[in-house]
file data38.tsv (TSV, C-alpha atoms)
chain	number	residue	atom	x	y	z
A	1	MET	CA	5.65	21.13	4.39
A	2	ALA	CA	5.91	17.45	5.26
A	3	THR	CA	8.00	15.06	3.23
A	4	VAL	CA	8.33	11.31	3.57
A	5	LYS	CA	11.19	9.60	1.77
A	6	LEU	CA	11.50	5.93	1.17
A	7	SER	CA	14.07	3.89	-0.66
A	8	PHE	CA	13.89	0.15	-1.15
A	9	SER	CA	15.95	-2.55	-2.80
A	10	PRO	CA	14.41	-3.46	-6.18
A	11	ALA	CA	12.41	-6.50	-5.06
A	12	PRO	CA	8.69	-7.08	-5.79
A	13	VAL	CA	7.94	-7.75	-2.12
A	14	HIS	CA	8.68	-4.11	-1.21
A	15	VAL	CA	6.24	-2.59	-3.69
A	16	ARG	CA	3.35	-3.29	-1.34
A	17	THR	CA	5.14	-1.41	1.44
A	18	ALA	CA	5.59	1.59	-0.85
A	19	ARG	CA	1.86	1.49	-1.72
A	20	LEU	CA	0.83	1.34	1.93
A	21	VAL	CA	3.11	4.24	2.91
A	22	GLY	CA	2.02	6.27	-0.12
A	23	VAL	CA	-1.66	5.91	0.72
A	24	ALA	CA	-1.09	6.63	4.43
A	25	VAL	CA	0.73	9.87	3.58
A	26	ALA	CA	-1.93	10.78	0.98
A	27	ARG	CA	-4.69	10.39	3.57
A	28	ARG	CA	-2.73	12.46	6.06
A	29	ALA	CA	-2.09	15.11	3.40
A	30	GLY	CA	-5.83	15.48	2.76
A	31	VAL	CA	-6.26	13.69	-0.57
A	32	ARG	CA	-9.97	12.93	-1.08
A	33	GLU	CA	-10.98	9.52	0.27
A	34	ASP	CA	-12.45	8.41	-3.08
A	35	LEU	CA	-9.10	9.04	-4.81
A	36	LEU	CA	-7.08	6.82	-2.47
A	37	ASP	CA	-7.64	3.62	-4.48
A	38	GLU	CA	-6.23	5.39	-7.53
A	39	VAL	CA	-3.29	6.75	-5.52
A	40	ARG	CA	-2.57	3.21	-4.30
A	41	LEU	CA	-2.70	1.76	-7.81
A	42	ALA	CA	-0.63	4.52	-9.40
A	43	ILE	CA	2.15	4.39	-6.78
A	44	GLY	CA	2.17	0.61	-7.14
A	45	GLU	CA	2.46	0.81	-10.93
A	46	ALA	CA	5.25	3.41	-10.80
A	47	CYS	CA	7.20	1.30	-8.28
A	48	THR	CA	6.55	-1.95	-10.17
A	49	ARG	CA	7.89	-0.33	-13.32
A	50	ALA	CA	11.01	0.89	-11.49
A	51	VAL	CA	11.64	-2.55	-9.94
A	52	ALA	CA	11.21	-4.23	-13.33
A	53	LEU	CA	13.72	-1.86	-14.95
A	54	HIS	CA	16.31	-2.36	-12.20
A	55	ARG	CA	15.96	-6.11	-12.52
A	56	GLN	CA	16.12	-5.96	-16.31
A	57	TYR	CA	19.42	-4.04	-16.11
A	58	GLY	CA	20.78	-5.97	-13.12
A	59	LEU	CA	20.87	-2.82	-10.97
A	60	ALA	CA	21.07	-3.31	-7.21
A	61	ASP	CA	20.52	0.42	-6.54
A	62	PRO	CA	17.45	1.18	-4.48
A	63	VAL	CA	14.26	2.62	-5.96
A	64	TYR	CA	13.60	6.02	-4.43
A	65	VAL	CA	10.14	7.34	-3.53
A	66	GLU	CA	9.43	10.79	-2.17
A	67	MET	CA	6.04	11.97	-0.99
A	68	SER	CA	5.44	15.62	-0.30
A	69	ASP	CA	2.33	17.59	0.66
A	70	SER	CA	3.52	21.11	0.07
A	71	GLY	CA	0.56	22.57	-1.85
A	72	ALA	CA	-0.68	19.39	-3.50
A	73	TYR	CA	0.22	15.77	-2.79
A	74	THR	CA	3.23	14.98	-4.94
A	75	VAL	CA	4.83	11.57	-5.30
A	76	ARG	CA	8.13	11.05	-7.13
A	77	VAL	CA	9.30	7.56	-7.99
A	78	VAL	CA	12.89	7.50	-9.25
A	79	ASP	CA	14.67	4.65	-11.01
A	80	ARG	CA	18.30	4.40	-12.15
A	81	ALA	CA	17.84	2.58	-15.46
A	82	PRO	CA	19.12	3.95	-18.80
A	83	ILE	CA	16.67	6.54	-20.06
A	84	GLU	CA	16.10	5.10	-23.52
A	85	ALA	CA	14.60	2.05	-21.81
A	86	SER	CA	11.99	3.87	-19.85
A	87	ILE	CA	10.33	6.62	-21.86
A	88	GLY	CA	8.04	6.51	-24.82
A	89	LEU	CA	5.84	3.55	-24.00
A	90	ALA	CA	2.34	3.97	-25.29
A	91	ALA	CA	-0.90	2.33	-24.24
A	92	LEU	CA	-1.76	-0.70	-26.36
A	93	PRO	CA	-4.98	-0.94	-28.39
A	94	PRO	CA	-7.33	-3.86	-27.58
A	95	ASP	CA	-6.53	-5.88	-30.71
A	96	GLU	CA	-2.82	-5.76	-29.79
A	97	LEU	CA	-3.49	-6.86	-26.21
A	98	ALA	CA	-4.85	-10.27	-27.15
A	99	LYS	CA	-2.23	-11.00	-29.82
A	100	GLU	CA	-0.27	-14.21	-29.41
A	101	SER	CA	2.98	-12.49	-30.35
A	102	LEU	CA	2.83	-9.97	-27.51
A	103	SER	CA	4.89	-11.19	-24.55
A	104	GLU	CA	3.47	-11.05	-21.05
A	105	ASP	CA	6.22	-8.59	-20.02
A	106	ALA	CA	5.46	-6.25	-22.90
A	107	LEU	CA	1.77	-6.47	-22.16
A	108	THR	CA	2.29	-5.77	-18.46
A	109	THR	CA	4.45	-2.74	-19.26
A	110	GLY	CA	1.89	-1.33	-21.71
A	111	VAL	CA	-0.99	-1.95	-19.31
A	112	GLY	CA	1.00	-0.39	-16.46
A	113	PHE	CA	1.45	2.78	-18.47
A	114	ALA	CA	-2.21	2.83	-19.44
A	115	LEU	CA	-3.12	2.65	-15.75
A	116	LEU	CA	-0.73	5.45	-14.78
A	117	ALA	CA	-1.97	7.68	-17.59
A	118	GLY	CA	-5.60	6.78	-16.88
A	119	PHE	CA	-5.54	7.30	-13.14
A	120	VAL	CA	-3.16	10.24	-12.72
A	121	GLU	CA	-4.37	13.52	-14.18
A	122	ASP	CA	-1.11	15.31	-13.41
A	123	LEU	CA	1.58	12.85	-14.55
A	124	GLN	CA	5.10	13.53	-15.77
A	125	VAL	CA	7.76	11.05	-16.81
A	126	ARG	CA	11.13	12.71	-17.28
A	127	PRO	CA	14.87	12.11	-16.99
A	128	VAL	CA	16.35	12.70	-13.52
A	129	GLU	CA	18.28	15.95	-13.16
A	130	GLU	CA	21.51	14.25	-12.10
A	131	GLY	CA	22.90	10.97	-13.33
A	132	VAL	CA	21.06	8.17	-15.09
A	133	GLY	CA	17.41	7.38	-14.57
A	134	THR	CA	13.81	8.45	-14.86
A	135	GLU	CA	11.43	10.15	-12.51
A	136	VAL	CA	7.70	9.45	-12.52
A	137	ARG	CA	6.03	12.43	-10.89
A	138	MET	CA	2.38	12.24	-9.87
A	139	VAL	CA	0.34	15.03	-8.30
A	140	TRP	CA	-3.07	14.88	-6.63
A	141	PRO	CA	-5.10	17.77	-5.23
A	142	VAL	CA	-5.63	18.03	-1.46
A	143	ARG	CA	-8.35	19.56	0.68
A	144	ARG	CA	-7.22	22.36	2.98
B	1	MET	CA	-4.14	-8.86	2.65
B	2	GLU	CA	-2.16	-11.71	1.05
B	3	LEU	CA	-3.27	-13.57	-2.05
B	4	SER	CA	-5.73	-16.41	-1.57
B	5	LEU	CA	-6.57	-19.04	-4.19
B	6	ALA	CA	-9.29	-21.70	-4.06
B	7	THR	CA	-10.48	-23.98	-6.85
B	8	ARG	CA	-13.87	-25.62	-7.27
B	9	THR	CA	-15.64	-27.41	-10.08
B	10	VAL	CA	-19.05	-26.42	-11.42
B	11	GLY	CA	-20.17	-28.92	-14.07
B	12	GLU	CA	-17.48	-28.80	-16.75
B	13	HIS	CA	-16.08	-25.53	-15.50
B	14	THR	CA	-13.15	-24.97	-13.19
B	15	VAL	CA	-13.72	-21.92	-11.01
B	16	LEU	CA	-10.67	-20.29	-9.45
B	17	GLU	CA	-11.63	-17.96	-6.61
B	18	VAL	CA	-9.02	-15.28	-6.07
B	19	GLY	CA	-8.87	-13.05	-3.02
B	20	GLY	CA	-6.62	-10.38	-1.55
B	21	GLU	CA	-3.94	-8.50	-3.45
B	22	VAL	CA	-2.72	-9.51	-6.90
B	23	ASP	CA	0.45	-7.54	-7.56
B	24	VAL	CA	4.02	-7.86	-8.79
B	25	TYR	CA	4.89	-9.97	-5.74
B	26	THR	CA	1.89	-12.32	-5.64
B	27	ALA	CA	1.04	-12.60	-9.37
B	28	PRO	CA	3.60	-15.39	-9.97
B	29	ARG	CA	1.56	-17.61	-7.62
B	30	LEU	CA	-1.60	-16.89	-9.60
B	31	ARG	CA	0.27	-17.68	-12.84
B	32	GLU	CA	1.54	-20.94	-11.37
B	33	ARG	CA	-1.93	-22.03	-10.24
B	34	LEU	CA	-3.51	-21.21	-13.61
B	35	LEU	CA	-0.78	-23.17	-15.40
B	36	GLU	CA	-1.32	-26.13	-13.08
B	37	LEU	CA	-5.03	-26.10	-13.86
B	38	ILE	CA	-4.53	-25.82	-17.61
B	39	ASP	CA	-1.73	-28.41	-17.68
B	40	GLY	CA	-3.98	-30.64	-15.57
B	41	GLY	CA	-6.60	-30.58	-18.34
B	42	ALA	CA	-8.94	-27.73	-17.34
B	43	ARG	CA	-10.32	-26.21	-20.53
B	44	ARG	CA	-13.23	-24.11	-19.29
B	45	VAL	CA	-11.84	-21.76	-16.68
B	46	VAL	CA	-13.65	-19.02	-14.78
B	47	VAL	CA	-11.61	-16.75	-12.52
B	48	ASP	CA	-13.73	-15.16	-9.81
B	49	LEU	CA	-12.21	-11.83	-8.74
B	50	GLY	CA	-15.01	-11.18	-6.23
B	51	ARG	CA	-12.71	-11.04	-3.23
B	52	VAL	CA	-9.80	-9.26	-4.89
B	53	ASP	CA	-9.09	-5.89	-3.33
B	54	PHE	CA	-6.06	-4.94	-5.38
B	55	LEU	CA	-5.12	-5.80	-8.96
B	56	ASP	CA	-2.19	-4.32	-10.89
B	57	SER	CA	-0.70	-4.61	-14.37
B	58	THR	CA	1.26	-7.72	-13.43
B	59	GLY	CA	-1.92	-9.51	-12.39
B	60	LEU	CA	-3.65	-8.38	-15.59
B	61	GLY	CA	-0.70	-9.75	-17.59
B	62	VAL	CA	-1.11	-13.15	-15.93
B	63	LEU	CA	-4.84	-13.20	-16.72
B	64	VAL	CA	-4.22	-12.33	-20.38
B	65	GLY	CA	-1.59	-15.10	-20.50
B	66	ALA	CA	-4.15	-17.64	-19.28
B	67	LEU	CA	-6.75	-16.38	-21.76
B	68	LYS	CA	-4.36	-16.82	-24.69
B	69	ARG	CA	-3.23	-20.26	-23.54
B	70	LEU	CA	-6.81	-21.51	-23.21
B	71	ARG	CA	-7.92	-20.00	-26.50
B	72	SER	CA	-5.10	-21.71	-28.37
B	73	ALA	CA	-6.05	-25.00	-26.67
B	74	GLY	CA	-9.65	-24.60	-27.83
B	75	GLY	CA	-10.89	-23.79	-24.34
B	76	SER	CA	-12.61	-20.81	-22.75
B	77	PHE	CA	-11.67	-18.26	-20.14
B	78	ALA	CA	-13.91	-15.76	-18.36
B	79	LEU	CA	-13.67	-13.38	-15.43
B	80	VAL	CA	-16.20	-12.66	-12.70
B	81	CYS	CA	-16.06	-9.13	-11.39
B	82	ASP	CA	-18.73	-6.73	-10.16
B	83	LYS	CA	-16.65	-4.21	-8.22
B	84	GLU	CA	-16.58	-0.78	-9.81
B	85	PRO	CA	-12.94	0.03	-8.93
B	86	LEU	CA	-11.77	-3.18	-10.62
B	87	LEU	CA	-14.08	-2.71	-13.61
B	88	LYS	CA	-12.58	0.75	-14.06
B	89	ILE	CA	-9.13	-0.84	-14.33
B	90	PHE	CA	-10.40	-3.10	-17.13
B	91	ARG	CA	-11.98	-0.15	-18.94
B	92	ILE	CA	-8.91	2.11	-18.69
B	93	THR	CA	-6.62	-0.59	-20.07
B	94	ALA	CA	-9.16	-1.61	-22.78
B	95	LEU	CA	-8.99	-5.13	-21.36
B	96	ASP	CA	-12.78	-5.02	-20.96
B	97	GLN	CA	-12.75	-5.62	-24.73
B	98	VAL	CA	-10.44	-8.61	-24.39
B	99	PHE	CA	-11.95	-10.55	-21.47
B	100	PRO	CA	-15.47	-11.86	-21.14
B	101	LEU	CA	-16.48	-10.11	-17.87
B	102	HIS	CA	-19.51	-11.27	-15.90
B	103	PRO	CA	-21.10	-10.16	-12.63
B	104	THR	CA	-21.54	-13.70	-11.26
B	105	VAL	CA	-20.08	-17.18	-11.72
B	106	ASP	CA	-23.47	-18.44	-12.95
B	107	ALA	CA	-23.60	-15.73	-15.61
B	108	ALA	CA	-20.04	-16.57	-16.72
B	109	ILE	CA	-20.86	-20.26	-17.06
B	110	SER	CA	-24.15	-19.83	-18.92
B	111	ALA	CA	-22.53	-17.35	-21.34
B	112	ASP	CA	-19.69	-19.73	-22.23
B	113	PRO	CA	-19.54	-19.84	-26.03
B	114	THR	CA	-17.96	-23.30	-26.00
B	115	GLY	CA	-21.41	-24.59	-25.16
B	116	ALA	CA	-20.97	-26.22	-21.78
B	117	GLY	CA	-23.24	-23.74	-20.03
B	118	ALA	CA	-25.54	-24.89	-17.24
call {"tool": "encode", "arguments": {"input": "data38.tsv", "output": "structure tokens"}}
result
Amino acid sequence: MATVKLSFSPAPVHVRTARLVGVAVARRAGVREDLLDEVRLAIGEACTRAVALHRQYGLADPVYVEMSDSGAYTVRVVDRAPIEASIGLAALPPDELAKESLSEDALTTGVGFALLAGFVEDLQVRPVEEGVGTEVRMVWPVRR
Amino acid sequence: MELSLATRTVGEHTVLEVGGEVDVYTAPRLRERLLELIDGGARRVVVDLGRVDFLDSTGLGVLVGALKRLRSAGGSFALVCDKEPLLKIFRITALDQVFPLHPTVDAAISADPTGAGA
């Protein structure tokens, strides 16, 4: 079992680093080449969401990412924001997306969730076991 | 690859060529450039995503923002994209039903409903 752990201060500039590491570990773990674009996007969306929540709540705590290839390729992205803020967002229907009243932030959040749900077959969003925060857990199959 | 932005004019259309990665870090620069163009009087805007190799929800949010701004100003906004991975992003988010999407800049310009097509 190989595990790579990464934690970064909640700044947009580090999200790219998390994507690059996530895809490198996925490739090494044996995730199919044609899934790597989706892995890259999903890890990026999960980290972007975590960074946005930390900034929204003024949290300086790092965002935590753990990549593990025991069995399948599993990526956990953990934020420390209050739970009620982070669960229960649904994808937006097209007529809502173009509405004037919808803010860019709300749109980005809704679209981010649509991308996660659309690209990750095995996706779980749940409260962390200890303390405050949410874990986005994504699993992709690997070739052995 | 970092974000690259280049503007050119085709008839009455302003074409913004975007390249590289549009994400939570670089999207503010794309937003800024689009606002500059619109504030500078551009009303028929085509954004060419042909050289974009990564686009996330933040970038999509910026594009929707520009679309709304131009629509309310009586202008037009279209995207050029023919890469399947990017098109899939538009389909999954249902934004393919919000943006006019065209395979080439020429197609985007001649399909412009505001009537300034070539």
call {"tool": "atom_distance", "arguments": {"input": "data38.tsv", "atom1": "atom CA of Val128 of chain A", "atom2": "atom CA of Pro62 of chain A"}}
result
14.7 Å
call {"tool": "residues_near_point", "arguments": {"input": "data38.tsv", "point": "(3.7, 11.2, -4.9)", "cutoff": "9 Å", "atoms": "all atoms listed in the file", "output": "PyMOL selection string"}}
result
chain A and resi 22+26+39+43+65-69+73-77+136-140
call {"tool": "closest_atom_pairs", "arguments": {"input": "data38.tsv", "of": "chain A", "to": "chain B", "cutoff": "10 Å", "atoms": "all atoms listed in the file", "output": "CSV"}}
result
residue,atom,partner,partner_atom,distance
A:Ala11,CA,B:Tyr25,CA,8.3
A:Pro12,CA,B:Tyr25,CA,4.8
A:Val13,CA,B:Tyr25,CA,5.2
A:His14,CA,B:Tyr25,CA,8.3
A:Val15,CA,B:Val24,CA,7.7
A:Arg16,CA,B:Asp23,CA,8.1
A:Asp37,CA,B:Pro85,CA,7.8
A:Glu38,CA,B:Pro85,CA,8.7
A:Arg40,CA,B:Phe54,CA,8.9
A:Leu41,CA,B:Asp56,CA,6.8
A:Ala42,CA,B:Asp56,CA,9.1
A:Gly44,CA,B:Asp56,CA,7.6
A:Glu45,CA,B:Asp56,CA,6.9
A:Cys47,CA,B:Val24,CA,9.7
A:Thr48,CA,B:Val24,CA,6.6
A:Arg49,CA,B:Val24,CA,9.6
A:Val51,CA,B:Val24,CA,9.4
A:Ala52,CA,B:Val24,CA,9.2
A:Ala91,CA,B:Thr93,CA,7.7
A:Leu92,CA,B:Thr93,CA,7.9
A:Pro93,CA,B:Ala94,CA,7.0
A:Pro94,CA,B:Ala94,CA,5.6
A:Asp95,CA,B:Val98,CA,7.9
A:Glu96,CA,B:Val98,CA,9.8
A:Leu97,CA,B:Val98,CA,7.4
A:Ala98,CA,B:Val98,CA,6.5
A:Lys99,CA,B:Lys68,CA,8.0
A:Glu100,CA,B:Lys68,CA,6.8
A:Leu102,CA,B:Gly65,CA,9.7
A:Ser103,CA,B:Gly65,CA,8.6
A:Glu104,CA,B:Gly61,CA,5.6
A:Asp105,CA,B:Gly61,CA,7.4
A:Ala106,CA,B:Gly61,CA,8.9
A:Leu107,CA,B:Gly61,CA,6.1
A:Thr108,CA,B:Gly61,CA,5.1
A:Thr109,CA,B:Ser57,CA,7.3
A:Gly110,CA,B:Ser57,CA,8.4
A:Val111,CA,B:Ser57,CA,5.6
A:Gly112,CA,B:Ser57,CA,5.0
A:Phe113,CA,B:Ser57,CA,8.7
A:Ala114,CA,B:Thr93,CA,5.6
A:Leu115,CA,B:Thr93,CA,6.4
A:Leu116,CA,B:Ile92,CA,9.7
A:Ala117,CA,B:Ile92,CA,9.0
A:Gly118,CA,B:Ile92,CA,6.0
A:Phe119,CA,B:Ile92,CA,8.3
call {"tool": "closest_residue", "arguments": {"input": "data38.tsv", "among": "A:Ser101, A:Glu33, A:Leu59, A:Ala46", "to": "Leu123 of chain A", "atoms": "only C-alpha atoms"}}
result
A:Ala46
call {"tool": "residues_around", "arguments": {"input": "data38.tsv", "residues": "Leu34 of chain B", "least_positions_apart": "3", "cutoff": "9 Å", "atoms": "all atoms listed in the file", "output": "VMD selection string"}}
result
chain B and resid 16 29 to 31 37 to 39 45 62 to 63 66
call {"tool": "atom_distance", "arguments": {"input": "data38.tsv", "atom1": "atom CA of Glu121 of chain A", "atom2": "atom CA of Leu86 of chain B"}}
result
18.6 Å
call {"tool": "atom_distance", "arguments": {"input": "data38.tsv", "atom1": "atom CA of Lys83 of chain B", "atom2": "atom CA of Asp112 of chain B"}}
result
21.1 Å
call {"tool": "closest_residue", "arguments": {"input": "data38.tsv", "among": "A:Leu36, A:Ala72, A:Val125, A:Ala24", "to": "Ala50 of chain A", "atoms": "only C-alpha atoms"}}
result
A:Val125
